[in-house]
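K.L.:
Starting off with a structure, shown below.
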Protein chains: 2
Amino acid sequence: MPSSDVPLYLQLAATLRERIQEGVYSAGKPIPFEAAICDEHGVGRMTVRRALAVLREEGLIRTKRGGASVVRAECVRETLILQQNDRLIGRMPSREERSELSLDVGVPLLEVHRVDGTTERFAADRVEIIGH
Amino acid sequence: MPSSDVPLYLQLAATLRERIQEGVYSAGKPIPFEAAICDEHGVGRMTVRRALAVLREEGLIRTKRGGASVVRAECVRETLILQQNDRLIGRMPSREERSELSLDVGVPLLEVHRVDGTTERFAADRVEIIGH
DNA sequence: CCGGATTTGTACGTATGTATT
DNA sequence: GAATACATACGTACAAATCCG
């Protein structure tokens, strides 16, 4: 549906995103192989891979080498209280922080600076912050 | 000096990230052209582009078509108070939200659900949340 | 449990489009 | 308007991880 001057990989990403949100591809289950997507949409593998990268960076899918991409299930979020004068910022983690905290691609980092000077870091998809 | 079984594009990304953090490439100023990076490191253009994509997704650089990538300057953050029982979650924005809120690639979204049922969304690089 | 087939990841090349300088 | 440099999109080949019989 998007106008045709939108790059192919974005049009494809939009189509796949829709299918995820409508449950055609459901949470926890794999989406079709790259080759199948190439065939279905008549595009090259690079275009498919870029489209999947978009969805990965949006946190919608997770990809393992050698296996199909899987629709990410919504995590159960731990509730976290932000105490008075605690400061919080959100940002993307570096590669190192990603492996330290076992973060998937497309998951931001929440950094809480406590009044006492300590800092804690959380995977944004596993916590919900609540005002005290 | 990462071990040599680390993908080329990640080794290159690490090198460039170091230079940014050490100020060799300084905030607000452009880094070398893709072609120059190819030459300096003896790698193909795709490898350079993937390395730059890594840095972009980490929020370290911004790329304009037709011009060199620029080192992102740290934004001045507006302070925002999280009221009692306000709930906050962090996630990556969709492409649509990115254009609505003028978010750069690599900038997460902070979503605040107020007690009164309203929801506000903020660019994570432009706010700092503080507990009330 | 092993091994081969399958599938994704990396890396390169080429050509063309398009925005910036 | 021309040159430059990034963006898209096709292709190939091989490596590495997973899956399955």
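By convention in this document, the chains of the structure tokens carry letters A, B, ... by their order, each chain's residues are numbered from 1, and ligands are numbered from 1 in the order they are shown.
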Quick one: contact table of chain A to chain B, 8 Å max, nearest atom pair and distance in Å to one decimal per residue, counting only C-alpha atoms, chain and number order, as CSV?
P.N.:
residue,atom,partner,partner_atom,distance
A:Glu57,CA,B:Met92,CA,7.3
A:Glu58,CA,B:Met92,CA,5.3
A:Gly59,CA,B:Met92,CA,6.7
A:Leu82,CA,B:Gly131,CA,5.3
A:Gln83,CA,B:Gly131,CA,5.2
A:Gln84,CA,B:Gly131,CA,4.3
A:Asn85,CA,B:Gly131,CA,4.8
A:Asp86,CA,B:Gly131,CA,5.3
A:Arg87,CA,B:Ile130,CA,4.4
A:Leu88,CA,B:Ile129,CA,4.9
A:Ile89,CA,B:Glu128,CA,5.2
A:Gly90,CA,B:Ala124,CA,5.2
A:Arg91,CA,B:Pro108,CA,6.0
A:Met92,CA,B:Glu58,CA,5.3
A:Pro93,CA,B:Glu58,CA,6.5
A:Ser94,CA,B:Glu58,CA,6.2
A:Gly106,CA,B:Met92,CA,6.4
A:Val107,CA,B:Arg91,CA,6.4
A:Pro108,CA,B:Arg91,CA,6.0
A:Leu109,CA,B:Gly90,CA,7.9
A:Leu110,CA,B:Gly90,CA,7.3
A:Ala124,CA,B:Gly90,CA,5.2
A:Asp125,CA,B:Arg91,CA,6.8
A:Val127,CA,B:Ile89,CA,7.1
A:Glu128,CA,B:Ile89,CA,5.2
A:Ile129,CA,B:Leu88,CA,4.9
A:Ile130,CA,B:Arg87,CA,4.5
A:Gly131,CA,B:Gln84,CA,4.3
A:His132,CA,B:Gln84,CA,4.7
K.L.:
Within chain B, find each residue whose DSSP state, derived from the backbone, is strand (DSSP E), and express the selection as number ranges by chain.
P.N.:
B: 61-62, 70-71, 78-82, 87-91, 109-113, 119-123, 127-131
K.L.:
Could you save those same residues with N, CA, C and O atoms as an mmCIF file, in the first residue's frame?
P.N.:
data_model
loop_
_atom_site.group_PDB
_atom_site.id
_atom_site.type_symbol
_atom_site.label_atom_id
_atom_site.label_comp_id
_atom_site.auth_asym_id
_atom_site.auth_seq_id
_atom_site.Cartn_x
_atom_site.Cartn_y
_atom_site.Cartn_z
ATOM 1 N N ILE B 61 26.537 7.999 15.839
ATOM 2 C CA ILE B 61 26.672 8.843 14.649
ATOM 3 C C ILE B 61 25.313 9.008 13.964
ATOM 4 O O ILE B 61 24.373 8.257 14.232
ATOM 5 N N ARG B 62 25.261 10.011 13.099
ATOM 6 C CA ARG B 62 24.083 10.183 12.267
ATOM 7 C C ARG B 62 24.567 10.331 10.841
ATOM 8 O O ARG B 62 25.560 11.001 10.572
ATOM 9 N N VAL B 70 28.175 12.044 10.760
ATOM 10 C CA VAL B 70 28.572 13.039 11.741
ATOM 11 C C VAL B 70 28.463 12.448 13.140
ATOM 12 O O VAL B 70 27.543 11.682 13.431
ATOM 13 N N VAL B 71 29.424 12.781 13.983
ATOM 14 C CA VAL B 71 29.379 12.314 15.362
ATOM 15 C C VAL B 71 28.273 13.061 16.091
ATOM 16 O O VAL B 71 28.253 14.293 16.105
ATOM 17 N N GLU B 78 16.090 17.615 28.848
ATOM 18 C CA GLU B 78 15.046 18.250 29.636
ATOM 19 C C GLU B 78 14.736 17.326 30.811
ATOM 20 O O GLU B 78 14.688 16.114 30.653
ATOM 21 N N THR B 79 14.562 17.904 31.979
ATOM 22 C CA THR B 79 14.245 17.084 33.150
ATOM 23 C C THR B 79 12.742 16.906 33.274
ATOM 24 O O THR B 79 11.987 17.847 33.094
ATOM 25 N N LEU B 80 12.367 15.668 33.575
ATOM 26 C CA LEU B 80 10.953 15.335 33.600
ATOM 27 C C LEU B 80 10.646 14.612 34.900
ATOM 28 O O LEU B 80 11.350 13.684 35.267
ATOM 29 N N ILE B 81 9.611 15.022 35.574
ATOM 30 C CA ILE B 81 9.303 14.400 36.862
ATOM 31 C C ILE B 81 8.309 13.265 36.684
ATOM 32 O O ILE B 81 7.283 13.419 36.021
ATOM 33 N N LEU B 82 8.662 12.114 37.247
ATOM 34 C CA LEU B 82 7.751 10.969 37.218
ATOM 35 C C LEU B 82 6.909 11.018 38.489
ATOM 36 O O LEU B 82 7.401 10.755 39.589
ATOM 37 N N ARG B 87 3.569 5.354 35.294
ATOM 38 C CA ARG B 87 4.359 4.194 34.895
ATOM 39 C C ARG B 87 5.128 4.504 33.621
ATOM 40 O O ARG B 87 4.595 5.167 32.717
ATOM 41 N N LEU B 88 6.364 4.041 33.563
ATOM 42 C CA LEU B 88 7.218 4.340 32.411
ATOM 43 C C LEU B 88 7.804 3.064 31.839
ATOM 44 O O LEU B 88 8.274 2.204 32.574
ATOM 45 N N ILE B 89 7.775 2.941 30.499
ATOM 46 C CA ILE B 89 8.500 1.846 29.858
ATOM 47 C C ILE B 89 9.339 2.404 28.719
ATOM 48 O O ILE B 89 9.024 3.439 28.137
ATOM 49 N N GLY B 90 10.419 1.710 28.430
ATOM 50 C CA GLY B 90 11.295 2.094 27.332
ATOM 51 C C GLY B 90 11.225 1.040 26.248
ATOM 52 O O GLY B 90 11.147 -0.146 26.538
ATOM 53 N N ARG B 91 11.244 1.484 25.008
ATOM 54 C CA ARG B 91 11.257 0.545 23.883
ATOM 55 C C ARG B 91 11.752 1.276 22.642
ATOM 56 O O ARG B 91 11.875 2.497 22.647
ATOM 57 N N LEU B 109 12.588 5.142 22.793
ATOM 58 C CA LEU B 109 11.398 5.902 23.118
ATOM 59 C C LEU B 109 11.059 5.647 24.581
ATOM 60 O O LEU B 109 11.126 4.516 25.051
ATOM 61 N N LEU B 110 10.707 6.704 25.305
ATOM 62 C CA LEU B 110 10.227 6.533 26.675
ATOM 63 C C LEU B 110 8.741 6.874 26.689
ATOM 64 O O LEU B 110 8.343 7.953 26.250
ATOM 65 N N GLU B 111 7.969 5.938 27.172
ATOM 66 C CA GLU B 111 6.517 6.080 27.161
ATOM 67 C C GLU B 111 6.039 6.204 28.585
ATOM 68 O O GLU B 111 6.229 5.286 29.388
ATOM 69 N N VAL B 112 5.395 7.334 28.907
ATOM 70 C CA VAL B 112 4.920 7.549 30.280
ATOM 71 C C VAL B 112 3.398 7.436 30.309
ATOM 72 O O VAL B 112 2.713 8.175 29.590
ATOM 73 N N HIS B 113 2.912 6.505 31.087
ATOM 74 C CA HIS B 113 1.472 6.340 31.257
ATOM 75 C C HIS B 113 1.064 7.027 32.557
ATOM 76 O O HIS B 113 1.419 6.563 33.643
ATOM 77 N N THR B 119 -1.143 9.165 27.862
ATOM 78 C CA THR B 119 0.176 8.621 27.562
ATOM 79 C C THR B 119 1.012 9.685 26.852
ATOM 80 O O THR B 119 0.520 10.347 25.948
ATOM 81 N N GLU B 120 2.249 9.838 27.281
ATOM 82 C CA GLU B 120 3.151 10.748 26.584
ATOM 83 C C GLU B 120 4.387 9.975 26.147
ATOM 84 O O GLU B 120 4.847 9.075 26.823
ATOM 85 N N ARG B 121 4.925 10.386 24.987
ATOM 86 C CA ARG B 121 6.109 9.711 24.476
ATOM 87 C C ARG B 121 7.243 10.705 24.304
ATOM 88 O O ARG B 121 7.027 11.812 23.793
ATOM 89 N N PHE B 122 8.451 10.291 24.688
ATOM 90 C CA PHE B 122 9.597 11.188 24.630
ATOM 91 C C PHE B 122 10.784 10.528 23.940
ATOM 92 O O PHE B 122 10.976 9.319 24.035
ATOM 93 N N ALA B 123 11.567 11.364 23.260
ATOM 94 C CA ALA B 123 12.843 10.892 22.727
ATOM 95 C C ALA B 123 13.785 10.691 23.907
ATOM 96 O O ALA B 123 14.012 11.607 24.697
ATOM 97 N N VAL B 127 15.451 13.633 27.228
ATOM 98 C CA VAL B 127 14.889 13.775 28.572
ATOM 99 C C VAL B 127 15.679 12.979 29.603
ATOM 100 O O VAL B 127 16.387 12.018 29.277
ATOM 101 N N GLU B 128 15.543 13.440 30.821
ATOM 102 C CA GLU B 128 16.068 12.726 31.974
ATOM 103 C C GLU B 128 14.901 12.650 32.934
ATOM 104 O O GLU B 128 14.253 13.665 33.195
ATOM 105 N N ILE B 129 14.618 11.459 33.414
ATOM 106 C CA ILE B 129 13.466 11.271 34.285
ATOM 107 C C ILE B 129 13.933 11.343 35.734
ATOM 108 O O ILE B 129 14.979 10.774 36.073
ATOM 109 N N ILE B 130 13.181 12.023 36.553
ATOM 110 C CA ILE B 130 13.585 12.126 37.948
ATOM 111 C C ILE B 130 12.417 11.769 38.848
ATOM 112 O O ILE B 130 11.268 12.084 38.549
ATOM 113 N N GLY B 131 12.725 11.026 39.910
ATOM 114 C CA GLY B 131 11.686 10.578 40.840
ATOM 115 C C GLY B 131 11.207 11.730 41.701
ATOM 116 O O GLY B 131 11.985 12.595 42.085
#
K.L.:
When DSSP is applied to the backbone of this structure, which of region 28-91 of chain A are assigned helix (DSSP H, G or I)? Write them out as an NGL selection string.
P.N.:
:A and (34-41 or 45-57)
K.L.:
Would you mind exporting the chosen residues as a tab-separated table (two decimals), in the first residue's frame, restricted to C-alpha atoms?
P.N.:
chain	number	residue	atom	x	y	z
A	34	GLU	CA	14.49	-15.86	4.15
A	35	ALA	CA	14.34	-17.87	0.94
A	36	ALA	CA	10.58	-18.29	1.26
A	37	ILE	CA	10.13	-14.55	1.76
A	38	CYS	CA	12.30	-13.90	-1.31
A	39	ASP	CA	10.08	-16.19	-3.34
A	40	GLU	CA	6.78	-14.87	-2.03
A	41	HIS	CA	7.65	-11.24	-2.66
A	45	ARG	CA	17.94	-11.87	-0.28
A	46	MET	CA	19.57	-8.58	0.69
A	47	THR	CA	16.22	-6.83	0.58
A	48	VAL	CA	14.69	-9.48	2.82
A	49	ARG	CA	17.60	-9.30	5.23
A	50	ARG	CA	17.32	-5.52	5.48
A	51	ALA	CA	13.61	-5.78	6.15
A	52	LEU	CA	14.26	-8.33	8.91
A	53	ALA	CA	16.94	-6.03	10.33
A	54	VAL	CA	14.33	-3.28	10.62
A	55	LEU	CA	12.01	-5.55	12.58
A	56	ARG	CA	14.87	-6.79	14.73
A	57	GLU	CA	15.84	-3.23	15.62
K.L.:
Taking 3 positions as the minimum chain separation for residues in the same chain, which residues sit within 9 Å of DT18 (chain D) when counting only C-alpha atoms (C1' of nucleotides)? Answer as a list of chain:residue names.
P.N.:
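Once the adjacent positions are removed, what remains is A:Lys64, A:Arg65, A:Gly66, A:Gly67, C:DT6, C:DT7.
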K.L.:
Taking a cut-off of 12 Å and counting only C-alpha atoms (C1' of nucleotides), can you build a table that, for each residue of chain C near chain A, reports the nearest atom pair and how far apart they are in Å (one decimal), sorted by chain then residue number, as CSV?
P.N.:
residue,atom,partner,partner_atom,distance
C:DA5,C1',A:Gly66,CA,11.6
C:DT6,C1',A:Gly66,CA,7.9
C:DT7,C1',A:Gly66,CA,4.6
C:DT8,C1',A:Arg65,CA,4.5
C:DG9,C1',A:Arg65,CA,6.6
C:DT10,C1',A:Arg65,CA,11.4
C:DG17,C1',A:Asp5,CA,11.1
C:DT18,C1',A:Asp5,CA,11.6
K.L.:
Near chain A, which residues of chain D fall within 12 Å when you count only C-alpha atoms (C1' of nucleotides), and what do they look like as a PyMOL selection string?
P.N.:
chain D and resi 7-12+15-19
K.L.:
Can you tell me how far CA of Asp104 (chain A) sits from CA of Ile20 (chain A), in Å to one decimal?
P.N.:
18.0 Å
K.L.:
Separation of CA of Glu100 (chain B) and CA of Val6 (chain A), in Å?
P.N.:
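These two atoms are separated by 16.8 Å.
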